[in-house]
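File shown: protein_25.cif (mmCIF, C-alpha atoms).
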data_model
#
loop_
_atom_site.label_atom_id
_atom_site.label_comp_id
_atom_site.auth_asym_id
_atom_site.auth_seq_id
_atom_site.Cartn_x
_atom_site.Cartn_y
_atom_site.Cartn_z
CA MET A 1 -25.21 43.62 -19.11
CA THR A 2 -23.66 45.48 -16.23
CA ARG A 3 -19.97 45.09 -15.43
CA ALA A 4 -20.74 43.40 -12.08
CA ARG A 5 -22.98 40.86 -13.78
CA ARG A 6 -20.34 40.12 -16.40
CA VAL A 7 -17.68 39.54 -13.75
CA THR A 8 -20.02 37.24 -11.79
CA THR A 9 -20.77 35.23 -14.93
CA TRP A 10 -17.05 34.79 -15.57
CA ILE A 11 -16.35 33.72 -11.99
CA VAL A 12 -19.18 31.15 -12.07
CA ALA A 13 -18.04 29.85 -15.47
CA ILE A 14 -14.45 29.47 -14.26
CA ALA A 15 -15.59 27.74 -11.05
CA VAL A 16 -17.80 25.29 -12.98
CA GLY A 17 -14.96 24.71 -15.46
CA LEU A 18 -12.51 23.92 -12.65
CA VAL A 19 -14.92 21.46 -11.02
CA VAL A 20 -15.50 19.71 -14.38
CA LEU A 21 -11.73 19.61 -14.99
CA TYR A 22 -11.12 18.15 -11.51
CA PHE A 23 -13.52 15.25 -12.09
CA LEU A 24 -12.23 14.74 -15.64
CA PHE A 25 -8.63 14.61 -14.42
CA GLU A 26 -9.49 12.27 -11.54
CA TRP A 27 -11.25 9.91 -13.95
CA ALA A 28 -8.45 10.04 -16.52
CA GLY A 29 -5.83 9.68 -13.76
CA ASP A 30 -6.81 6.04 -13.35
CA LEU A 31 -5.27 5.35 -16.77
CA LEU A 32 -1.94 6.70 -15.51
CA ASP A 33 -1.97 5.14 -12.04
CA SER A 34 -5.01 3.48 -10.50
CA GLY A 35 -3.42 2.99 -7.07
CA GLY A 36 -1.92 -0.45 -7.64
CA ALA A 37 -4.58 -2.60 -6.03
CA VAL A 38 -5.44 -5.92 -7.68
CA GLY A 39 -8.91 -7.17 -8.49
CA MET B 1 -10.68 28.02 -45.38
CA GLN B 2 -8.39 30.30 -43.41
CA ARG B 3 -11.06 30.59 -40.70
CA VAL B 4 -11.35 26.81 -40.42
CA LEU B 5 -7.58 26.46 -40.10
CA ARG B 6 -7.49 29.14 -37.44
CA LEU B 7 -10.25 27.39 -35.50
CA LEU B 8 -8.45 24.06 -35.84
CA GLY B 9 -5.24 25.65 -34.58
CA TRP B 10 -6.94 27.10 -31.52
CA GLY B 11 -8.67 23.77 -30.89
CA LEU B 12 -5.37 21.88 -30.98
CA LEU B 13 -3.72 24.48 -28.75
CA GLY B 14 -6.62 24.15 -26.31
CA MET B 15 -6.28 20.36 -26.23
CA ALA B 16 -2.51 20.59 -25.72
CA GLY B 17 -3.13 22.99 -22.84
CA LEU B 18 -5.66 20.57 -21.34
CA VAL B 19 -3.20 17.66 -21.56
CA ALA B 20 -0.46 19.81 -19.99
CA LEU B 21 -2.81 20.78 -17.15
CA PHE B 22 -3.76 17.14 -16.68
CA LEU B 23 -0.12 16.06 -16.40
CA ILE B 24 0.74 18.92 -14.03
CA TYR B 25 -2.25 17.98 -11.86
CA GLN B 26 -1.49 14.25 -11.78
CA LEU B 27 2.28 14.42 -11.43
CA PHE B 28 2.67 17.42 -9.11
CA VAL B 29 -0.59 18.66 -7.57
CA THR B 30 -1.55 15.18 -6.31
CA ASP B 31 1.90 14.99 -4.62
CA PHE B 32 1.01 18.15 -2.72
CA PHE B 33 -2.31 16.61 -1.55
CA ASN B 34 -0.50 13.44 -0.48
CA ALA B 35 2.22 15.34 1.41
CA ARG B 36 -0.48 17.12 3.42
CA SER B 37 -2.26 13.80 4.15
CA GLN B 38 0.98 12.13 5.22
CA ALA B 39 1.90 15.03 7.52
CA ARG B 40 -1.53 14.83 9.17
CA ALA B 41 -1.25 11.03 9.41
CA GLU B 42 2.13 11.27 11.16
CA VAL B 43 0.41 13.02 14.07
CA GLU B 44 -2.60 10.66 14.05
CA LEU B 45 -0.30 7.63 13.94
CA GLU B 46 1.23 8.42 17.32
CA THR B 47 -2.20 8.29 18.98
CA SER B 48 -3.32 5.31 16.89
CA LEU B 49 -0.24 3.26 17.84
CA GLU B 50 -0.59 4.14 21.51
CA ILE B 51 -4.22 2.97 21.60
CA ARG B 52 -3.51 -0.15 19.57
CA ARG B 53 -0.50 -1.17 21.68
CA ALA B 54 -2.84 -1.35 24.67
CA GLU B 55 -5.09 -3.73 22.70
CA LEU B 56 -2.46 -6.29 21.69
CA ALA B 57 -3.39 -9.86 22.57
CA ILE B 58 -1.14 -12.86 23.11
CA VAL B 59 -2.25 -16.20 21.69
CA THR B 60 -0.18 -19.29 22.43
CA THR B 61 -1.12 -22.28 20.34
CA ALA B 62 2.00 -23.39 18.49
CA THR B 63 4.05 -26.29 19.86
CA THR B 64 7.78 -26.16 19.32
CA THR B 65 9.53 -28.85 17.32
CA ALA B 66 12.07 -29.10 20.15
CA THR B 67 9.54 -30.65 22.50
CA THR B 68 7.94 -32.96 19.96
CA LEU B 69 11.12 -34.37 18.46
CA LEU B 70 12.73 -35.39 21.76
CA ASP B 71 12.72 -39.00 22.93
CA PRO B 72 9.52 -39.41 25.00
CA GLU B 73 11.36 -41.46 27.65
CA GLU B 74 13.97 -38.81 28.32
CA PRO B 75 13.22 -36.03 30.73
CA VAL B 76 12.18 -32.99 28.78
CA ASP B 77 13.14 -29.46 29.65
CA GLU B 78 9.98 -27.43 29.46
CA VAL B 79 10.21 -25.25 26.35
CA PRO B 80 7.62 -22.52 26.39
CA PRO B 81 5.61 -22.47 23.18
CA PRO B 82 6.18 -19.39 21.02
CA GLU B 83 3.64 -16.64 21.42
CA LEU B 84 1.57 -15.12 18.66
CA ILE B 85 0.83 -11.47 19.32
CA THR B 86 -2.26 -10.31 17.49
CA GLU B 87 -3.60 -6.83 16.75
CA PRO B 88 -7.24 -5.77 16.59
CA PRO B 89 -8.64 -4.94 13.11
CA VAL B 90 -8.20 -1.38 11.84
CA PRO B 91 -11.11 0.74 10.54
CA ILE B 92 -10.89 1.78 6.86
CA GLY B 93 -8.91 4.98 6.25
CA VAL B 94 -7.12 4.94 9.61
CA PRO B 95 -3.29 5.12 9.81
CA PHE B 96 -1.93 2.12 11.73
CA GLY B 97 1.77 1.79 10.90
CA ARG B 98 4.57 2.74 8.59
CA ILE B 99 6.48 1.05 5.79
CA GLU B 100 10.19 1.67 5.28
CA ILE B 101 12.40 0.51 2.42
CA ASP B 102 15.84 2.05 2.95
CA LYS B 103 17.16 1.08 -0.49
CA ILE B 104 14.65 3.30 -2.30
CA GLY B 105 14.24 5.90 0.45
CA LEU B 106 10.63 4.99 1.19
CA ASP B 107 9.22 5.95 4.58
CA ALA B 108 5.44 6.31 4.51
CA VAL B 109 2.50 6.03 6.88
CA LEU B 110 0.36 2.95 6.19
CA PHE B 111 -3.43 3.18 6.06
CA GLU B 112 -6.13 0.54 6.23
CA GLY B 113 -7.94 0.03 2.92
CA VAL B 114 -7.19 -0.10 -0.80
CA ASP B 115 -10.11 1.96 -2.07
CA ARG B 116 -9.42 5.02 -4.26
CA ASP B 117 -9.77 7.56 -1.48
CA THR B 118 -7.54 5.70 0.98
CA LEU B 119 -4.75 5.10 -1.53
CA LYS B 120 -4.61 8.85 -2.16
CA LEU B 121 -3.47 9.22 1.47
CA GLY B 122 -0.63 6.69 1.24
CA PRO B 123 0.09 2.97 0.87
CA GLY B 124 -2.95 0.94 1.96
CA HIS B 125 -3.36 -2.47 3.56
CA MET B 126 -5.91 -4.74 1.90
CA PRO B 127 -8.70 -5.61 4.35
CA ASP B 128 -9.39 -9.35 4.74
CA THR B 129 -5.67 -10.08 4.58
CA PRO B 130 -3.62 -10.35 7.80
CA LEU B 131 -1.96 -7.22 9.13
CA PRO B 132 1.81 -7.00 8.52
CA GLY B 133 3.71 -9.00 11.12
CA GLN B 134 0.96 -11.63 11.36
CA PRO B 135 1.00 -15.14 9.84
CA GLY B 136 -0.41 -15.36 6.29
CA ASN B 137 -0.16 -12.99 3.34
CA ALA B 138 -0.43 -9.29 4.23
CA VAL B 139 -1.15 -7.27 1.08
CA VAL B 140 -0.18 -3.59 0.75
CA SER B 141 -0.92 -1.51 -2.37
CA GLY B 142 0.40 1.90 -3.33
CA HIS B 143 0.54 4.49 -6.10
CA ARG B 144 3.43 4.32 -8.54
CA THR B 145 3.45 7.73 -10.23
CA THR B 146 0.84 9.95 -8.57
CA TYR B 147 -0.26 10.89 -5.02
CA GLY B 148 3.22 10.96 -3.53
CA ARG B 149 4.32 8.00 -5.70
CA PRO B 150 5.38 5.87 -2.68
CA PHE B 151 6.19 2.84 -4.87
CA PHE B 152 7.84 4.77 -7.74
CA ASP B 153 11.21 3.01 -7.40
CA VAL B 154 10.11 -0.46 -6.32
CA ASP B 155 11.35 -1.81 -9.66
CA GLN B 156 14.88 -1.20 -8.33
CA LEU B 157 14.38 -3.78 -5.59
CA VAL B 158 15.89 -7.23 -6.01
CA VAL B 159 15.48 -10.57 -4.27
CA GLY B 160 17.10 -10.36 -0.83
CA ASP B 161 16.37 -6.65 -0.21
CA THR B 162 14.53 -5.94 3.01
CA ILE B 163 11.28 -4.15 3.84
CA ASP B 164 10.48 -2.94 7.37
CA VAL B 165 6.94 -2.49 8.60
CA GLU B 166 6.19 -0.93 11.97
CA THR B 167 2.80 -1.51 13.58
CA ALA B 168 1.57 -1.58 17.18
CA LEU B 169 3.17 -5.04 17.30
CA GLY B 170 6.65 -3.56 16.76
CA MET B 171 9.01 -3.71 13.80
CA SER B 172 8.67 -6.64 11.39
CA THR B 173 11.35 -7.19 8.75
CA TYR B 174 10.70 -8.96 5.47
CA ALA B 175 13.19 -10.21 2.85
CA ILE B 176 12.10 -10.13 -0.79
CA ARG B 177 11.77 -13.62 -2.26
CA GLN B 178 9.87 -13.05 -5.50
CA ILE B 179 9.16 -10.20 -7.96
CA LEU B 180 6.63 -10.66 -10.74
CA VAL B 181 4.41 -8.78 -13.16
CA VAL B 182 0.77 -9.84 -13.43
CA ALA B 183 -2.54 -8.60 -14.83
CA PRO B 184 -4.60 -6.20 -12.67
CA THR B 185 -7.19 -8.97 -12.28
CA ASP B 186 -4.76 -11.59 -10.93
CA VAL B 187 -6.16 -11.67 -7.41
CA TRP B 188 -4.40 -14.95 -6.66
CA VAL B 189 -1.40 -12.90 -5.53
CA THR B 190 -3.46 -12.06 -2.43
CA ASP B 191 -4.14 -15.72 -1.57
CA PRO B 192 -2.98 -16.95 1.85
CA ILE B 193 0.59 -18.30 1.95
CA GLU B 194 2.07 -20.58 4.60
CA GLY B 195 4.37 -18.65 6.91
CA ALA B 196 4.23 -14.86 7.14
CA TRP B 197 4.50 -12.83 3.95
CA LEU B 198 4.14 -9.27 2.77
CA THR B 199 2.91 -8.68 -0.79
CA LEU B 200 3.36 -5.21 -2.29
CA THR B 201 1.26 -4.38 -5.35
CA THR B 202 1.57 -1.32 -7.61
CA CYS B 203 0.91 -0.20 -11.18
CA ASN B 204 3.30 -1.25 -13.94
CA PRO B 205 4.98 0.04 -16.05
CA LYS B 206 5.48 3.56 -14.71
CA PHE B 207 2.79 5.96 -15.98
CA SER B 208 0.43 3.12 -16.88
CA ALA B 209 -2.10 0.99 -15.02
CA ALA B 210 -1.97 -1.81 -17.60
CA GLU B 211 -0.22 -4.32 -15.29
CA ARG B 212 0.67 -4.86 -11.65
CA LEU B 213 4.19 -5.20 -10.24
CA ILE B 214 4.13 -7.67 -7.35
CA ILE B 215 6.81 -7.98 -4.70
CA GLN B 216 6.51 -10.87 -2.27
CA ALA B 217 8.67 -10.84 0.84
CA GLU B 218 8.97 -13.30 3.71
CA LEU B 219 9.10 -12.42 7.40
CA VAL B 220 12.69 -12.70 8.66
CA GLY B 221 12.49 -10.65 11.84
CA GLY B 222 9.92 -9.39 14.29
CA PRO B 223 7.91 -10.23 17.39
CA ASN B 224 5.99 -13.09 15.72
CA LEU B 225 8.94 -14.71 13.91
CA ASP B 226 9.42 -17.53 16.47
CA TYR B 227 5.73 -18.40 16.32
CA VAL B 228 5.69 -18.41 12.50
CA GLN B 229 8.82 -20.59 12.33
CA ALA B 230 7.35 -23.06 14.83
CA MET B 231 4.07 -23.22 12.88
CA THR B 232 5.89 -23.71 9.57
CA ALA B 233 8.08 -26.46 11.05
CA THR B 234 5.04 -28.22 12.51
CA ALA B 235 3.22 -28.06 9.17
CA ALA B 236 6.26 -29.36 7.27
CA ARG B 237 6.80 -32.36 9.60
CA PRO B 238 5.36 -35.60 8.15
CA ALA B 239 2.44 -37.04 10.11
CA ALA B 240 3.45 -39.86 12.52
#

Could I get this structure in the form of structure tokens?
Amino acid sequence: MTRARRVTTWIVAIAVGLVVLYFLFEWAGDLLDSGGAVG
Amino acid sequence: MQRVLRLLGWGLLGMAGLVALFLIYQLFVTDFFNARSQARAEVELETSLEIRRAELAIVTTATTTATTLLDPEEPVDEVPPPELITEPPVPIGVPFGRIEIDKIGLDAVLFEGVDRDTLKLGPGHMPDTPLPGQPGNAVVSGHRTTYGRPFFDVDQLVVGDTIDVETALGMSTYAIRQILVVAPTDVWVTDPIEGAWLTLTTCNPKFSAAERLIIQAELVGGPNLDYVQAMTATAARPAA
């Protein structure tokens, strides 16, 4: 594996990880504070 | 055995890191997003208020108690009936006013809507309830601990404290009459109430969405106060 390919793989993996974390945190955030609306 | 323990240790460290990241995101990063939204909304609000002020409508239907309680044979000074000034509905996600509670240092732009995305921008007005300043029960919801935490300190409010809401109508002042804690499904707190009321709803206790803290305040000042008082007096008078 060339160095450029390895770097690209890491960048993609980190980007995918951040997107997954964002959605996970947004979902879990509702347990902490759902916005306060009723119903 | 040593390998398993090492793996377990790394796993626990990883989970602790994830929880720390989660808390940093929720408690600080979301504040940054909200601050940007509020700054943008401040600019939009100026235009929104200007347009909406031009669309205010005056409705005059209430009769004053002064005219109805006088002796019918005596000459009556013409008392003009109080005016109700109404505002057009607001599209979801649009800033249309601001809420101020001096006691807890709250000054935030109000948006229309209580969906997830709108409440990330700031306190939101529940559609299908009257706008603040209008007769009925205007419901406003807001985050308690994330996204700018506009209602973080509302538990410090007591009966008698005041809440100001500015809309195209002008400034309406409410005095707190009731504070209660209910379940998140207790939608009856949004039911219409005689007079003009403002109901604030937020998560309770802090850092949990298990309950809702409800603050109900009655209109005590504003452009529609005379109308609301006349309507309430008319409704309270026994039928002849």

Using only C-alpha atoms, determine which residues of chain B fall within 9 Å of chain A; present them as a PyMOL selection string.
chain B and resi 18+21-23+25-26+114-116+119-120+123-124+126+140-147+183-187+189-190+200-204+206-213

Please produce an output containing C-alpha atoms for each residue in the selection, written as a PDB file, in the coordinates of the input.
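That gives us out_15.pdb:
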ATOM      1  CA  LEU B  18      -5.660  20.570 -21.340  1.00  0.00           C
ATOM      2  CA  LEU B  21      -2.810  20.780 -17.150  1.00  0.00           C
ATOM      3  CA  PHE B  22      -3.760  17.140 -16.680  1.00  0.00           C
ATOM      4  CA  LEU B  23      -0.120  16.060 -16.400  1.00  0.00           C
ATOM      5  CA  TYR B  25      -2.250  17.980 -11.860  1.00  0.00           C
ATOM      6  CA  GLN B  26      -1.490  14.250 -11.780  1.00  0.00           C
ATOM      7  CA  VAL B 114      -7.190  -0.100  -0.800  1.00  0.00           C
ATOM      8  CA  ASP B 115     -10.110   1.960  -2.070  1.00  0.00           C
ATOM      9  CA  ARG B 116      -9.420   5.020  -4.260  1.00  0.00           C
ATOM     10  CA  LEU B 119      -4.750   5.100  -1.530  1.00  0.00           C
ATOM     11  CA  LYS B 120      -4.610   8.850  -2.160  1.00  0.00           C
ATOM     12  CA  PRO B 123       0.090   2.970   0.870  1.00  0.00           C
ATOM     13  CA  GLY B 124      -2.950   0.940   1.960  1.00  0.00           C
ATOM     14  CA  MET B 126      -5.910  -4.740   1.900  1.00  0.00           C
ATOM     15  CA  VAL B 140      -0.180  -3.590   0.750  1.00  0.00           C
ATOM     16  CA  SER B 141      -0.920  -1.510  -2.370  1.00  0.00           C
ATOM     17  CA  GLY B 142       0.400   1.900  -3.330  1.00  0.00           C
ATOM     18  CA  HIS B 143       0.540   4.490  -6.100  1.00  0.00           C
ATOM     19  CA  ARG B 144       3.430   4.320  -8.540  1.00  0.00           C
ATOM     20  CA  THR B 145       3.450   7.730 -10.230  1.00  0.00           C
ATOM     21  CA  THR B 146       0.840   9.950  -8.570  1.00  0.00           C
ATOM     22  CA  TYR B 147      -0.260  10.890  -5.020  1.00  0.00           C
ATOM     23  CA  ALA B 183      -2.540  -8.600 -14.830  1.00  0.00           C
ATOM     24  CA  PRO B 184      -4.600  -6.200 -12.670  1.00  0.00           C
ATOM     25  CA  THR B 185      -7.190  -8.970 -12.280  1.00  0.00           C
ATOM     26  CA  ASP B 186      -4.760 -11.590 -10.930  1.00  0.00           C
ATOM     27  CA  VAL B 187      -6.160 -11.670  -7.410  1.00  0.00           C
ATOM     28  CA  VAL B 189      -1.400 -12.900  -5.530  1.00  0.00           C
ATOM     29  CA  THR B 190      -3.460 -12.060  -2.430  1.00  0.00           C
ATOM     30  CA  LEU B 200       3.360  -5.210  -2.290  1.00  0.00           C
ATOM     31  CA  THR B 201       1.260  -4.380  -5.350  1.00  0.00           C
ATOM     32  CA  THR B 202       1.570  -1.320  -7.610  1.00  0.00           C
ATOM     33  CA  CYS B 203       0.910  -0.200 -11.180  1.00  0.00           C
ATOM     34  CA  ASN B 204       3.300  -1.250 -13.940  1.00  0.00           C
ATOM     35  CA  LYS B 206       5.480   3.560 -14.710  1.00  0.00           C
ATOM     36  CA  PHE B 207       2.790   5.960 -15.980  1.00  0.00           C
ATOM     37  CA  SER B 208       0.430   3.120 -16.880  1.00  0.00           C
ATOM     38  CA  ALA B 209      -2.100   0.990 -15.020  1.00  0.00           C
ATOM     39  CA  ALA B 210      -1.970  -1.810 -17.600  1.00  0.00           C
ATOM     40  CA  GLU B 211      -0.220  -4.320 -15.290  1.00  0.00           C
ATOM     41  CA  ARG B 212       0.670  -4.860 -11.650  1.00  0.00           C
ATOM     42  CA  LEU B 213       4.190  -5.200 -10.240  1.00  0.00           C
TER      43      LEU B 213
END

Could you expand the PyMOL selection byres ((chain B and resi 223) around 9) into the explicit residues it covers here, written as an NGL selection string?
:B and (83-85 or 133 or 169-172 or 221-222 or 224-227)

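Here the PyMOL selection byres ((chain B and resi 48) around 10) matches the residues Ala41, Glu42, Val43, Glu44, Leu45, Glu46, Thr47, Leu49, Glu50, Ile51, Arg52, Arg53, Val90, Val94, Pro95, Phe96, Gly97, Thr167 and Ala168 of chain B.
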
Same residues, C-alpha atoms, saved as a tab-separated table (two decimals), keeping the file's coordinate frame:
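Once everything was written out, this is part-v3.tsv:
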chain	number	residue	atom	x	y	z
B	41	ALA	CA	-1.25	11.03	9.41
B	42	GLU	CA	2.13	11.27	11.16
B	43	VAL	CA	0.41	13.02	14.07
B	44	GLU	CA	-2.60	10.66	14.05
B	45	LEU	CA	-0.30	7.63	13.94
B	46	GLU	CA	1.23	8.42	17.32
B	47	THR	CA	-2.20	8.29	18.98
B	49	LEU	CA	-0.24	3.26	17.84
B	50	GLU	CA	-0.59	4.14	21.51
B	51	ILE	CA	-4.22	2.97	21.60
B	52	ARG	CA	-3.51	-0.15	19.57
B	53	ARG	CA	-0.50	-1.17	21.68
B	90	VAL	CA	-8.20	-1.38	11.84
B	94	VAL	CA	-7.12	4.94	9.61
B	95	PRO	CA	-3.29	5.12	9.81
B	96	PHE	CA	-1.93	2.12	11.73
B	97	GLY	CA	1.77	1.79	10.90
B	167	THR	CA	2.80	-1.51	13.58
B	168	ALA	CA	1.57	-1.58	17.18

Which value, in Å to one decimal, gives the distance between atom CA of A:Ile14 and atom CA of B:Ile24?
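These atoms are spaced 18.5 Å apart.
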
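Here atom CA of B:Glu87 stands at a distance of 7.8 Å from atom CA of B:Leu131.
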
Can you measure atom CA of B:Pro89 to atom CA of B:Ala230 for me? One decimal in Å is fine.
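Spanning atom CA of B:Pro89 to atom CA of B:Ala230 is a straight-line distance of 24.2 Å.
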
Convert the output of the PyMOL selection byres ((chain B and resi 99) around 8) on the shown file into explicit residues, formatted as a short mmCIF file (atom, residue, chain, number, x, y, z; two decimals) with C-alpha atoms, in the frame of the given file.
data_model
loop_
_atom_site.label_atom_id
_atom_site.label_comp_id
_atom_site.auth_asym_id
_atom_site.auth_seq_id
_atom_site.Cartn_x
_atom_site.Cartn_y
_atom_site.Cartn_z
CA GLY B 97 1.77 1.79 10.90
CA ARG B 98 4.57 2.74 8.59
CA GLU B 100 10.19 1.67 5.28
CA ILE B 101 12.40 0.51 2.42
CA LEU B 106 10.63 4.99 1.19
CA ASP B 107 9.22 5.95 4.58
CA ALA B 108 5.44 6.31 4.51
CA VAL B 109 2.50 6.03 6.88
CA LEU B 110 0.36 2.95 6.19
CA ILE B 163 11.28 -4.15 3.84
CA ASP B 164 10.48 -2.94 7.37
CA VAL B 165 6.94 -2.49 8.60
CA GLU B 166 6.19 -0.93 11.97
#

Box for stretch 22-30 of chain A: with edges along x, y and z, all listed atoms inside and 8 Å added on each side, what are the centre and edge lengths in Å to one decimal, as AutoDock Vina command-line options?
--center_x -9.7 --center_y 12.1 --center_z -14.0 --size_x 23.7 --size_y 28.1 --size_z 21.0

Around the point (-9.2, -12.2, 5.1), in the coordinates given by the file, pick out the residues reaching within 12 Å, counting all atoms listed in the file, and return them as a list in words.
Pro89, His125, Met126, Pro127, Asp128, Thr129, Pro130, Leu131, Gln134, Pro135, Gly136, Asn137, Ala138, Val139, Thr190, Asp191, Pro192 and Ile193 of chain B
